[in-house]
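K.L.:
One file: model-v4.cif (mmCIF, C-alpha atoms and all ligand atoms).
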```cif
data_protein
#
loop_
_atom_site.label_atom_id
_atom_site.label_comp_id
_atom_site.auth_asym_id
_atom_site.auth_seq_id
_atom_site.Cartn_x
_atom_site.Cartn_y
_atom_site.Cartn_z
CA MET A 1 10.41 -5.49 29.04
CA ALA A 2 6.99 -6.98 29.69
CA VAL A 3 5.42 -4.76 27.10
CA ASN A 4 2.30 -6.34 25.73
CA ARG A 5 2.82 -7.48 22.16
CA GLN A 6 -0.53 -6.09 21.04
CA GLN A 7 0.23 -2.71 22.60
CA GLN A 8 3.66 -2.63 21.02
CA PHE A 9 2.12 -3.38 17.65
CA GLU A 10 -0.62 -0.81 18.04
CA ALA A 11 1.92 1.86 18.98
CA LEU A 12 3.95 0.94 15.92
CA VAL A 13 0.93 1.22 13.62
CA ARG A 14 -0.15 4.55 15.08
CA ALA A 15 3.34 6.01 14.93
CA HIS A 16 4.37 4.85 11.49
CA SER A 17 1.40 3.97 9.26
CA GLY A 18 0.97 7.49 7.89
CA GLU A 19 4.58 7.91 6.94
CA LEU A 20 4.76 4.39 5.51
CA TYR A 21 1.68 5.08 3.44
CA ARG A 22 3.38 8.12 1.92
CA TYR A 23 6.49 6.12 1.21
CA ALA A 24 4.40 3.37 -0.39
CA TYR A 25 2.48 5.96 -2.35
CA TRP A 26 5.66 7.35 -3.88
CA LEU A 27 6.86 3.83 -4.62
CA CYS A 28 3.79 2.66 -6.50
CA GLY A 29 1.85 5.81 -7.33
CA GLN A 30 -1.57 4.42 -6.45
CA ASP A 31 -3.59 5.05 -3.37
CA ALA A 32 -5.23 1.62 -3.14
CA LEU A 33 -1.98 -0.24 -3.80
CA ALA A 34 -0.16 1.93 -1.29
CA GLN A 35 -2.75 1.09 1.37
CA ASP A 36 -2.47 -2.61 0.59
CA LEU A 37 1.30 -2.39 0.80
CA VAL A 38 1.15 -0.75 4.21
CA GLN A 39 -1.38 -3.35 5.36
CA GLU A 40 0.87 -6.17 4.15
CA THR A 41 3.94 -4.55 5.71
CA PHE A 42 2.35 -4.40 9.14
CA LEU A 43 1.09 -7.94 8.80
CA ARG A 44 4.66 -9.08 8.23
CA ALA A 45 5.88 -6.81 10.99
CA TRP A 46 3.35 -8.36 13.37
CA ARG A 47 4.63 -11.85 12.60
CA SER A 48 8.24 -10.92 13.22
CA LEU A 49 7.73 -8.33 15.93
CA ASP A 50 10.24 -10.16 18.13
CA ALA A 51 12.96 -9.34 15.63
CA LEU A 52 12.52 -5.67 16.40
CA ARG A 53 14.87 -4.82 19.24
CA ASP A 54 14.42 -1.12 19.70
CA ASP A 55 11.89 1.48 18.68
CA ILE A 56 14.45 3.76 17.08
CA ALA A 57 15.15 1.16 14.41
CA ALA A 58 11.43 0.61 13.77
CA LYS A 59 11.07 3.18 11.01
CA ALA A 60 13.95 1.82 8.96
CA TRP A 61 12.84 -1.75 9.65
CA LEU A 62 9.29 -1.07 8.44
CA ALA A 63 10.52 0.83 5.38
CA THR A 64 12.69 -2.14 4.47
CA ILE A 65 9.81 -4.59 4.82
CA LEU A 66 7.64 -2.35 2.70
CA ARG A 67 10.20 -1.98 -0.04
CA ARG A 68 10.71 -5.78 -0.21
CA GLU A 69 6.99 -6.33 -0.24
CA HIS A 70 6.64 -3.88 -3.10
CA ALA A 71 9.37 -5.66 -5.04
CA ARG A 72 7.87 -9.06 -4.29
CA LEU A 73 4.33 -8.17 -5.28
CA TYR A 74 5.00 -5.96 -8.24
CA GLU A 75 8.21 -7.18 -9.78
CA ARG A 76 6.18 -8.95 -12.46
CA LYS A 77 4.58 -5.72 -13.54
CA PRO A 78 6.76 -2.82 -12.51
CA MET A 79 4.88 0.39 -12.10
CA PRO A 80 5.73 2.62 -15.02
CA THR A 81 6.46 6.11 -13.77
CA THR A 82 3.87 7.45 -16.16
CA ASP A 83 1.21 5.72 -14.07
CA ILE A 84 2.04 7.96 -11.19
CA THR A 85 1.59 11.12 -13.22
CA ASP A 86 -2.11 10.66 -13.81
CA LEU A 87 -2.64 10.03 -10.15
CA GLU A 88 -5.52 11.81 -8.59
CA LEU A 89 -5.32 12.57 -4.94
CA SER A 90 -8.92 12.55 -3.90
CA ASP A 91 -8.57 14.29 -0.58
CA ASP A 92 -7.55 17.85 0.09
CA SER A 93 -3.85 18.43 0.18
CA PRO A 94 -2.37 19.30 3.54
CA GLY A 95 -1.12 22.76 2.58
CA PRO A 96 -4.15 24.41 1.01
CA GLU A 97 -2.28 27.66 0.46
CA HIS A 98 0.12 25.91 -1.89
CA ARG A 99 -2.18 23.34 -3.40
CA GLY A 100 -1.64 24.45 -6.96
CA GLU A 101 2.11 24.50 -6.53
CA ASP A 102 2.07 21.17 -4.80
CA ALA A 103 0.29 19.59 -7.72
CA VAL A 104 2.98 20.83 -10.11
CA LEU A 105 5.76 19.67 -7.84
CA ARG A 106 4.06 16.32 -7.21
CA ALA A 107 3.76 15.72 -10.91
CA ALA A 108 7.46 16.51 -11.26
CA ILE A 109 8.35 14.13 -8.42
CA ALA A 110 6.24 11.46 -10.08
CA ARG A 111 8.15 11.95 -13.29
CA LEU A 112 11.50 11.28 -11.64
CA GLU A 113 13.03 7.89 -12.32
CA PRO A 114 12.62 5.59 -9.31
CA LYS A 115 16.38 5.54 -8.70
CA TYR A 116 16.22 9.29 -8.03
CA ARG A 117 12.81 9.41 -6.41
CA GLU A 118 13.30 6.67 -3.87
CA PRO A 119 16.39 7.97 -2.05
CA LEU A 120 14.92 11.46 -2.12
CA VAL A 121 11.69 10.27 -0.53
CA LEU A 122 13.59 8.34 2.13
CA GLN A 123 15.72 11.37 2.88
CA VAL A 124 13.08 14.09 2.88
CA LEU A 125 10.03 12.18 4.04
CA GLY A 126 11.72 9.55 6.18
CA GLY A 127 14.30 11.92 7.59
CA PHE A 128 17.07 9.38 7.01
CA SER A 129 20.66 10.54 6.55
CA CYS A 130 22.46 9.70 3.31
CA ALA A 131 24.31 6.95 5.17
CA GLU A 132 21.04 5.47 6.44
CA VAL A 133 19.45 5.66 2.99
CA ALA A 134 22.55 3.94 1.59
CA ALA A 135 22.22 1.14 4.14
CA GLN A 136 18.54 0.71 3.28
CA LEU A 137 19.00 0.63 -0.45
CA GLY A 138 22.20 -1.37 -0.35
CA ILE A 139 24.18 1.21 -2.32
CA SER A 140 27.09 3.43 -1.35
CA GLU A 141 26.65 6.66 0.54
CA SER A 142 28.30 8.61 -2.27
CA ALA A 143 25.83 7.09 -4.75
CA VAL A 144 22.96 8.27 -2.54
CA MET A 145 24.46 11.76 -2.31
CA THR A 146 24.74 11.91 -6.07
CA GLN A 147 21.21 10.64 -6.63
CA VAL A 148 19.50 13.01 -4.21
CA PHE A 149 21.58 15.87 -5.63
CA ARG A 150 20.51 14.94 -9.15
CA ALA A 151 16.92 14.43 -8.02
CA ARG A 152 16.70 17.99 -6.68
CA GLN A 153 18.35 19.35 -9.79
CA LYS A 154 15.92 17.52 -12.03
CA LEU A 155 12.94 18.68 -10.01
CA ARG A 156 13.98 22.30 -10.15
CA ALA A 157 14.65 22.00 -13.86
CA LEU A 158 11.24 20.42 -14.43
CA LEU A 159 9.59 23.21 -12.46
CA ASP A 160 11.47 25.83 -14.45
CA GLY A 161 10.52 24.06 -17.66
CA LYS A 162 14.19 23.51 -18.46
CA GLU A 163 16.05 20.38 -19.41
CA PRO A 164 17.81 18.98 -16.35
CA GLU A 165 21.07 18.71 -18.30
CA ALA A 166 21.29 22.48 -18.79
CA GLU A 167 21.30 22.95 -15.04
CA LEU A 168 23.94 20.34 -14.54
CA HIS A 169 26.47 22.23 -16.62
CA GLY A 170 25.63 25.36 -14.72
CA LEU A 171 27.32 23.92 -11.66
CA PRO A 172 30.60 25.72 -11.08
CA MET B 173 35.52 24.17 2.17
CA ASP B 174 35.22 25.88 -1.20
CA CYS B 175 32.11 26.96 -3.13
CA LEU B 176 32.01 23.80 -5.24
CA GLU B 177 32.18 21.50 -2.24
CA PHE B 178 29.60 23.60 -0.45
CA ARG B 179 27.15 23.47 -3.37
CA ARG B 180 27.57 19.73 -3.77
CA LEU B 181 26.77 19.30 -0.12
CA LEU B 182 23.83 21.68 -0.38
CA GLY B 183 22.29 19.67 -3.20
CA SER B 184 22.53 16.39 -1.35
CA ASP B 185 21.50 17.74 2.04
CA PRO B 186 20.12 21.29 2.15
CA HIS B 187 19.98 21.34 5.93
CA VAL B 188 23.56 22.49 6.18
CA GLY B 189 24.71 21.04 9.46
CA ALA B 190 28.43 20.47 9.16
CA ALA B 191 30.60 23.01 10.93
CA ASP B 192 32.87 23.62 7.95
CA ALA B 193 29.86 24.18 5.69
CA ARG B 194 28.43 26.69 8.16
CA ALA B 195 31.80 28.40 8.29
CA HIS B 196 31.87 28.70 4.50
CA MET B 197 28.36 30.11 4.45
CA ALA B 198 29.35 32.77 6.98
CA THR B 199 32.07 34.06 4.68
CA CYS B 200 30.44 33.60 1.24
CA SER B 201 27.29 35.58 0.60
CA ASP B 202 26.64 33.83 -2.76
CA CYS B 203 26.58 30.43 -1.11
CA ALA B 204 24.55 31.77 1.82
CA ALA B 205 21.93 33.02 -0.66
CA LEU B 206 21.93 29.64 -2.44
CA ALA B 207 21.48 27.89 0.88
CA ALA B 208 18.49 30.06 1.77
CA ASP B 209 16.96 29.28 -1.62
CA ALA B 210 17.66 25.57 -1.27
CA GLN B 211 16.04 25.49 2.13
CA ALA B 212 12.92 27.23 0.84
CA PHE B 213 12.71 24.64 -1.94
CA GLU B 214 13.22 21.89 0.60
CA ALA B 215 10.21 23.07 2.61
CA ARG B 216 8.10 22.99 -0.52
CA LEU B 217 9.41 19.55 -1.45
CA SER B 218 8.69 18.20 1.97
CA ALA B 219 5.09 19.53 1.80
CA ALA B 220 4.57 18.04 -1.66
CA LEU B 221 5.78 14.60 -0.59
CA ALA B 222 3.44 14.60 2.39
CA VAL B 223 0.42 13.34 0.44
CA PRO B 224 -2.77 13.06 2.49
CA VAL B 225 -2.98 9.85 4.49
CA PRO B 226 -6.32 8.06 4.03
CA GLU B 227 -8.59 8.49 6.98
CA GLY B 228 -8.84 5.51 9.32
CA LEU B 229 -5.78 3.78 7.86
CA ALA B 230 -4.32 2.84 11.24
CA GLU B 231 -7.69 1.49 12.43
CA ARG B 232 -8.07 -0.65 9.32
CA ILE B 233 -4.58 -2.06 9.78
CA LEU B 234 -5.30 -2.89 13.40
CA ALA B 235 -8.63 -4.47 12.48
CA ALA B 236 -7.02 -6.54 9.74
CA ARG B 237 -4.51 -8.25 11.99
CA PRO B 238 -5.67 -11.87 11.88
CA GLU B 239 -4.97 -12.38 15.56
CA ALA B 240 -7.05 -9.34 16.44
CA THR B 241 -10.21 -11.42 16.74
CA VAL B 242 -8.54 -14.32 18.51
CA GLU B 243 -8.77 -14.16 22.27
CA PRO B 244 -5.27 -13.74 23.70
CA PHE B 245 -6.00 -16.63 26.05
CA GLN B 246 -3.04 -18.93 25.34
CA PRO B 247 -4.22 -22.35 26.60
CA ARG B 248 -7.05 -22.48 24.09
CA ARG B 249 -4.71 -21.81 21.22
CA ARG B 250 -2.38 -24.49 22.48
CA LEU B 251 -5.35 -26.85 22.61
CA ALA B 252 -6.00 -26.13 18.98
CA TRP B 253 -2.43 -27.12 18.18
CA ILE B 254 -2.72 -30.33 20.13
CA ALA B 255 -5.86 -31.07 18.18
CA LEU B 256 -4.02 -30.31 14.98
CA ALA B 257 -1.35 -32.82 15.91
CA ALA B 258 -3.89 -35.59 16.16
CA ALA B 259 -4.65 -36.56 12.61
CA ALA B 260 -8.23 -37.51 13.37
CA SER B 261 -8.92 -34.03 14.64
CA VAL B 262 -7.36 -32.10 11.82
CA LEU B 263 -10.65 -31.33 10.15
CA LEU B 264 -12.15 -30.09 13.39
CA ALA B 265 -9.18 -27.79 14.05
CA VAL B 266 -9.32 -26.40 10.56
CA GLY B 267 -13.01 -25.77 11.09
CA VAL B 268 -12.31 -23.82 14.28
CA ALA B 269 -9.54 -21.83 12.64
CA ARG B 270 -11.75 -21.12 9.68
CA HIS B 271 -14.52 -19.89 11.94
CA ARG B 272 -12.24 -17.44 13.73
CA GLN B 273 -10.64 -16.39 10.51
CA SER B 274 -13.92 -15.78 8.71
CA THR B 275 -14.97 -13.18 11.27
CA SER B 276 -11.86 -11.10 10.66
CA LEU B 277 -11.93 -11.77 6.93
CA ARG B 278 -15.48 -10.41 6.73
CA ALA B 279 -14.41 -7.29 8.62
CA MET B 280 -11.43 -6.84 6.35
CA VAL B 281 -13.37 -7.33 3.14
CA ALA B 282 -15.98 -4.82 4.32
CA ALA B 283 -13.28 -2.35 5.37
CA HIS B 284 -11.56 -2.76 2.03
CA VAL B 285 -14.58 -2.19 -0.20
CA THR B 286 -15.73 0.80 1.85
CA ALA B 287 -12.32 2.46 2.07
CA PRO B 288 -12.39 6.09 0.86
CA ASP B 289 -10.31 5.30 -2.20
CA GLU B 290 -12.88 2.74 -3.33
CA HIS B 291 -15.59 5.34 -3.73
CA ALA B 292 -14.40 6.01 -7.25
CA ALA B 293 -14.60 2.29 -8.07
CA LEU B 294 -18.19 2.17 -6.85
CA ALA B 295 -19.12 4.93 -9.26
CA MET B 296 -17.79 3.10 -12.30
CA VAL B 297 -20.38 1.78 -14.72
CA ALA B 298 -18.57 1.10 -18.01
CA PRO B 299 -17.75 -2.60 -18.28
CA VAL B 300 -14.05 -3.48 -18.18
CA PRO B 301 -12.74 -5.74 -20.98
CA GLN B 302 -13.36 -9.42 -20.21
CA ALA B 303 -9.65 -10.10 -20.74
CA GLU B 304 -8.83 -7.88 -17.76
CA VAL B 305 -11.13 -9.84 -15.51
CA GLU B 306 -9.69 -13.12 -16.78
CA GLN B 307 -6.16 -11.81 -16.23
CA ALA B 308 -6.87 -10.71 -12.67
CA PHE B 309 -8.11 -14.21 -11.84
CA ALA B 310 -5.28 -15.85 -13.78
CA ASP B 311 -2.79 -13.83 -11.70
CA ARG B 312 -4.38 -15.39 -8.63
CA GLY B 313 -4.11 -18.85 -10.19
CA VAL B 314 -7.79 -19.16 -11.09
CA LYS B 315 -9.06 -19.94 -14.58
CA LEU B 316 -12.51 -18.62 -15.34
CA ALA B 317 -14.93 -20.65 -17.44
CA ASP B 318 -16.84 -17.52 -18.29
CA VAL B 319 -16.82 -13.81 -17.42
CA PRO B 320 -20.03 -12.46 -15.92
CA PRO B 321 -21.23 -9.19 -17.45
CA GLU B 322 -21.38 -5.80 -15.75
CA VAL B 323 -17.94 -5.91 -14.15
CA ALA B 324 -17.15 -2.20 -14.01
CA TYR B 325 -14.00 -2.42 -11.93
CA VAL B 326 -11.45 -5.11 -11.30
CA ALA B 327 -8.30 -5.01 -9.19
CA GLU B 328 -5.98 -7.50 -7.56
CA CYS B 329 -6.14 -6.38 -3.98
CA GLY B 330 -4.33 -7.70 -0.96
CA ILE B 331 -6.77 -7.91 1.91
CA GLY B 332 -4.76 -8.73 4.99
CA ARG B 333 -2.84 -11.85 4.08
CA TRP B 334 -5.40 -12.80 1.45
CA ARG B 335 -4.83 -12.14 -2.23
CA SER B 336 -8.22 -11.21 -3.59
CA VAL B 337 -9.79 -10.18 -6.84
CA HIS B 338 -11.88 -7.14 -6.07
CA MET B 339 -14.62 -6.15 -8.48
CA VAL B 340 -17.56 -3.84 -8.70
CA SER B 341 -20.64 -5.01 -10.54
CA ALA B 342 -22.63 -2.08 -11.87
CA GLY B 343 -26.39 -2.23 -11.95
CA ALA B 344 -29.45 -0.01 -12.17
CA ASP B 345 -30.12 -0.47 -8.46
CA GLY B 346 -26.60 0.48 -7.42
CA PRO B 347 -23.16 -1.12 -7.34
CA VAL B 348 -22.36 -4.46 -5.75
CA SER B 349 -18.81 -5.03 -4.51
CA VAL B 350 -17.72 -8.55 -5.39
CA VAL B 351 -14.56 -9.95 -3.81
CA TYR B 352 -13.17 -13.39 -4.56
CA ILE B 353 -10.63 -14.98 -2.22
CA PRO B 354 -9.06 -18.04 -3.86
CA ARG B 355 -7.89 -21.07 -1.85
CA ASP B 356 -9.82 -20.25 1.29
CA ARG B 357 -13.24 -21.80 1.08
CA ALA B 358 -15.98 -20.86 3.50
CA GLU B 359 -17.86 -23.80 4.99
CA LYS B 360 -21.26 -22.53 3.97
CA ALA B 361 -23.06 -19.53 2.53
CA THR B 362 -23.60 -16.89 5.20
CA ALA B 363 -25.44 -13.59 5.12
CA PHE B 364 -24.04 -10.84 7.29
CA HIS B 365 -24.13 -7.09 7.84
CA ARG B 366 -20.98 -5.04 7.99
CA ALA B 367 -20.10 -1.37 7.57
CA GLY B 368 -23.74 -0.49 6.88
CA LEU B 369 -23.92 -2.97 4.00
CA VAL B 370 -25.79 -6.17 3.35
CA ALA B 371 -23.31 -8.91 2.57
CA ARG B 372 -23.14 -12.54 1.61
CA GLU B 373 -20.25 -14.97 1.79
CA VAL B 374 -20.48 -18.02 -0.51
CA PRO B 375 -18.09 -20.99 -0.88
CA MET B 376 -17.25 -21.16 -4.54
CA GLY B 377 -14.62 -23.10 -6.46
CA ASP B 378 -11.76 -23.59 -4.03
CA GLY B 379 -12.37 -20.17 -2.49
CA THR B 380 -14.96 -17.77 -1.18
CA LEU B 381 -17.00 -15.14 -2.98
CA PHE B 382 -18.14 -12.05 -1.08
CA MET B 383 -20.90 -9.72 -2.24
CA LEU B 384 -21.53 -6.43 -0.46
CA ALA B 385 -24.10 -3.77 -1.35
CA ALA B 386 -26.78 -1.47 -0.04
CA SER B 387 -29.34 -4.12 -0.93
CA ASP B 388 -29.12 -7.85 -1.71
CA THR B 389 -31.52 -7.79 -4.68
CA ARG B 390 -28.85 -8.86 -7.17
CA PHE B 391 -26.99 -11.31 -4.94
CA ASP B 392 -28.80 -14.41 -6.27
CA ALA B 393 -28.16 -13.49 -9.89
CA LEU B 394 -24.53 -12.63 -9.21
CA GLU B 395 -23.99 -15.79 -7.20
CA HIS B 396 -25.37 -17.82 -10.11
CA ALA B 397 -23.22 -16.01 -12.68
CA TRP B 398 -20.06 -16.35 -10.61
CA ARG B 399 -20.72 -20.00 -9.85
CA ASN B 400 -20.84 -20.61 -13.58
CA ALA B 401 -17.65 -18.63 -14.06
CA LEU B 402 -15.73 -20.26 -11.22
CA GLU B 403 -17.10 -23.79 -11.21
CA GLY B 404 -17.49 -24.11 -14.96
CA LEU B 405 -21.12 -25.13 -14.92
CA PRO B 406 -22.79 -24.70 -18.28
CA ALA B 407 -24.68 -21.44 -18.38
CA VAL B 408 -28.40 -22.00 -18.18
CA ALA B 409 -29.95 -20.32 -21.17
CA SER B 410 -33.11 -18.63 -20.03
CA GLY B 411 -36.27 -19.92 -21.65
CA SER B 412 -34.63 -23.04 -23.08
CA ASN B 413 -35.38 -26.50 -21.84
ZN ZN C 501 30.74 29.87 -1.64
#
```
Re-express the file's structure as structure tokens.

P.N.:
Amino acid sequence: MAVNRQQQFEALVRAHSGELYRYAYWLCGQDALAQDLVQETFLRAWRSLDALRDDIAAKAWLATILRREHARLYERKPMPTTDITDLELSDDSPGPEHRGEDAVLRAAIARLEPKYREPLVLQVLGGFSCAEVAAQLGISESAVMTQVFRARQKLRALLDGKEPEAELHGLP
Amino acid sequence: MDCLEFRRLLGSDPHVGAADARAHMATCSDCAALAADAQAFEARLSAALAVPVPEGLAERILAARPEATVEPFQPRRRLAWIALAAAASVLLAVGVARHRQSTSLRAMVAAHVTAPDEHAALAMVAPVPQAEVEQAFADRGVKLADVPPEVAYVAECGIGRWRSVHMVSAGADGPVSVVYIPRDRAEKATAFHRAGLVAREVPMGDGTLFMLAASDTRFDALEHAWRNALEGLPAVASGSN
């Protein structure tokens, strides 16, 4: 276990900074803030690197630090979800063939309330199971299942230009 | 599993993995069609969430680690702690720490103001309301005596462990990035070059003011204006005596 601390940290940054940035981005809706959040997260991670026992837990550990950091730094002025909607992503989107579609869907994701968006992002982007998302957010697994279900419903309704409620009643 | 249960499951996790869900799908063509549709949507969702990651992010994080510029040679660090323990040497130790820190702080400030997402800030020319500048400083616990003109961008940015106020001062000869770090005062004014920019670090108030630009032509004027703002000196009216 004589892994060099610096090497361990560097591996952690290279493996997880991109994904953490995306998570941060969907938390705060601003590129610069998201970068600062990731920076701050890794700074904290560096200080308590010894607390990290295995690499498998790293992703969840980092996501937790980031979410706390976001709450700590921005609780005084919570990011209104409308802020996220006039986001401009300067760079080219990864899937150029669907760029137009992505923009529509991104705007819809941005319009979701945080309580729907956050578990969805953790599930889809982070690849966490509903149970893992529940553990991270400190809510029940059934609450997570309901929220991600509702999140998808709302997104599809927004894309179809329908009210989310109409879809809900359509469920058999 | 019935259709209702299956569709609930599908909405909360479209990657149908459970054996009983798969069994239902094999016997119910309606649900199988819904599952195919849900999975197509999931692929689209996953692509939309994967916003582009800023280039060089990992490198900037690695460069910003405060310890990154400290030699990993333990005995010297321990010496610094021994020095710290001796009250008479406290100032010396702080000086040494400050020296090491300033190198990485300069790198971080330069990396921050040249980050790709700051390009938009550098292009801003319209002055921001003075109240916004005052608020940004107030949030960092600093009261301004005055607000210098030509602040075209202001943001409260975390730079490593430092909480800065990051501004862009617009001018005819190009933008100057101005970063103030409260409660961490440089020992002396220092000129340096970083990231292809001319830069100056100036102790001011209880903190440090950084200026970075393509040229240092406006540094003296900005330093004067910000000293007035941060140290509350009366503004010198030009031409009066
Ligand atoms: Zn069915």

K.L.:
Using all atoms listed in the file, I'd like a table of the residues in chain B that come within 9 Å of chain A; for each, show the closest atom pair and its distance in Å rounded to one decimal, ordered by chain and ascending number, as CSV.

P.N.:
```
residue,atom,partner,partner_atom,distance
B:Cys175,CA,A:Pro172,CA,8.2
B:Leu176,CA,A:Pro172,CA,6.3
B:Arg179,CA,A:Leu171,CA,8.3
B:Arg180,CA,A:Phe149,CA,7.4
B:Leu181,CA,A:Met145,CA,8.2
B:Leu182,CA,A:Phe149,CA,8.1
B:Gly183,CA,A:Phe149,CA,4.6
B:Ser184,CA,A:Phe149,CA,4.4
B:Asp185,CA,A:Phe149,CA,7.9
B:Phe213,CA,A:Arg156,CA,8.6
B:Glu214,CA,A:Val124,CA,8.1
B:Arg216,CA,A:Asp102,CA,7.6
B:Leu217,CA,A:Leu105,CA,7.4
B:Ser218,CA,A:Val124,CA,6.1
B:Ala219,CA,A:Gly95,CA,7.0
B:Ala220,CA,A:Asp102,CA,5.1
B:Leu221,CA,A:Leu125,CA,6.7
B:Ala222,CA,A:Arg22,CA,6.5
B:Val223,CA,A:Arg22,CA,6.2
B:Pro224,CA,A:Ser93,CA,5.9
B:Val225,CA,A:Gly18,CA,5.7
B:Pro226,CA,A:Asp91,CA,8.1
B:Leu229,CA,A:Ser17,CA,7.3
B:Ala230,CA,A:Arg14,CA,5.9
B:Glu231,CA,A:Arg14,CA,8.6
B:Arg232,CA,A:Gln39,CA,8.2
B:Ile233,CA,A:Gln39,CA,5.6
B:Leu234,CA,A:Glu10,CA,6.9
B:Ala236,CA,A:Gln39,CA,7.8
B:Arg237,CA,A:Leu43,CA,6.5
B:Pro238,CA,A:Leu43,CA,8.4
B:Ala240,CA,A:Gln6,CA,8.6
B:Ala287,CA,A:Ala32,CA,8.8
B:Pro288,CA,A:Ser90,CA,8.7
B:Asp289,CA,A:Ala32,CA,6.3
B:Glu290,CA,A:Ala32,CA,7.7
B:Cys329,CA,A:Asp36,CA,7.0
B:Gly330,CA,A:Asp36,CA,5.6
B:Ile331,CA,A:Asp36,CA,7.0
B:Gly332,CA,A:Glu40,CA,6.2
B:Arg333,CA,A:Glu40,CA,6.8
```

K.L.:
Quick one: distance from atom CA of Gly377 of chain B to atom CA of Trp398 of chain B in Å, one decimal?

P.N.:
9.6 Å

K.L.:
Counting only C-alpha atoms, which residues of segment 45-65 of chain A fall within 12 Å of segment 131-134 of chain A, and what is the closest atom pair for each with its distance in Å at one decimal, ordered by chain and rising number, as a tab-separated table?

P.N.:
```
residue	atom	partner	partner_atom	distance
A:Ala57	CA	A:Glu132	CA	10.8
A:Lys59	CA	A:Glu132	CA	11.2
A:Ala60	CA	A:Glu132	CA	8.4
A:Trp61	CA	A:Glu132	CA	11.4
A:Ala63	CA	A:Val133	CA	10.4
A:Thr64	CA	A:Val133	CA	10.4
```

K.L.:
Separation of atom CA of Leu66 of chain A and atom CA of Arg278 of chain B, in Å?

P.N.:
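Atom-to-atom, atom CA of Leu66 of chain A to atom CA of Arg278 of chain B, that is 24.8 Å.
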
K.L.:
Could you give me, as a VMD selection string, every polymer residue with an atom at most 12 Å away from an atom of ligand ZN 501 (chain C), counting all atoms listed in the file?

P.N.:
(chain A and resid 172) or (chain B and resid 173 to 182 192 to 207)

K.L.:
With all atoms listed in the file as the atoms that count, which of B:Met376, B:Ala295, B:Ala385, B:Ala367 lies nearest to Arg355 of chain B?

P.N.:
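Going through B:Met376, B:Ala295, B:Ala385, B:Ala367 one by one, the smallest distance to Arg355 of chain B is for B:Met376.
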
K.L.:
Which residue, A:His70, A:Lys154, A:Pro119, A:Asp160, has the smallest gap to Ser140 of chain A when you use all atoms listed in the file?

P.N.:
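So, comparing all the options, the nearest one is A:Pro119.
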
K.L.:
How would you write as an mmCIF file with C-alpha atoms, in the frame of the given file the residues that get within 10 Å of (-8.9, -18.5, 0.7) in the file's frame, counting only C-alpha atoms?

P.N.:
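The result, stored in point36.cif:
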```cif
data_model
loop_
_atom_site.group_PDB
_atom_site.id
_atom_site.type_symbol
_atom_site.label_atom_id
_atom_site.label_comp_id
_atom_site.auth_asym_id
_atom_site.auth_seq_id
_atom_site.Cartn_x
_atom_site.Cartn_y
_atom_site.Cartn_z
ATOM 1 C CA ARG B 270 -11.750 -21.120 9.680
ATOM 2 C CA SER B 274 -13.920 -15.780 8.710
ATOM 3 C CA LEU B 277 -11.930 -11.770 6.930
ATOM 4 C CA ARG B 333 -2.840 -11.850 4.080
ATOM 5 C CA TRP B 334 -5.400 -12.800 1.450
ATOM 6 C CA ARG B 335 -4.830 -12.140 -2.230
ATOM 7 C CA SER B 336 -8.220 -11.210 -3.590
ATOM 8 C CA TYR B 352 -13.170 -13.390 -4.560
ATOM 9 C CA ILE B 353 -10.630 -14.980 -2.220
ATOM 10 C CA PRO B 354 -9.060 -18.040 -3.860
ATOM 11 C CA ARG B 355 -7.890 -21.070 -1.850
ATOM 12 C CA ASP B 356 -9.820 -20.250 1.290
ATOM 13 C CA ARG B 357 -13.240 -21.800 1.080
ATOM 14 C CA ALA B 358 -15.980 -20.860 3.500
ATOM 15 C CA PRO B 375 -18.090 -20.990 -0.880
ATOM 16 C CA ASP B 378 -11.760 -23.590 -4.030
ATOM 17 C CA GLY B 379 -12.370 -20.170 -2.490
ATOM 18 C CA THR B 380 -14.960 -17.770 -1.180
ATOM 19 C CA LEU B 381 -17.000 -15.140 -2.980
#
```

K.L.:
Name the closest residue to Val350 of chain B among the candidates B:Val281, B:Ala190, B:Val300, B:Ala292; distances are taken between atoms, counting all atoms listed in the file.

P.N.:
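Of B:Val281, B:Ala190, B:Val300, B:Ala292, the one nearest Val350 of chain B, counting all atoms listed in the file, is B:Val281.
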
K.L.:
Enter the distance from atom CA of Val340 of chain B to atom CA of Ala71 of chain A, in Å, rounded to one decimal.

P.N.:
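So the two atoms, atom CA of Val340 of chain B and atom CA of Ala71 of chain A, lie 27.2 Å apart.
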
K.L.:
Under the rule that all atoms listed in the file are counted, which of B:Gln307, B:Ser349, B:Thr362, B:Gln302 is the nearest residue to Arg390 of chain B?

P.N.:
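For Arg390 of chain B, the nearest of the candidates is B:Ser349.
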
K.L.:
Just checking: using only C-alpha atoms, which residue out of B:Gly313, B:Arg399, B:Val285, B:Met296 ends up closest to His338 of chain B?

P.N.:
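The shortest atom-to-atom distance to His338 of chain B comes from B:Val285.
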
K.L.:
Using only C-alpha atoms, pick whichever of B:Glu359, B:Glu322, B:Glu373, B:Asp345 has the shortest atom-to-atom distance to Glu395 of chain B.

P.N.:
B:Glu373
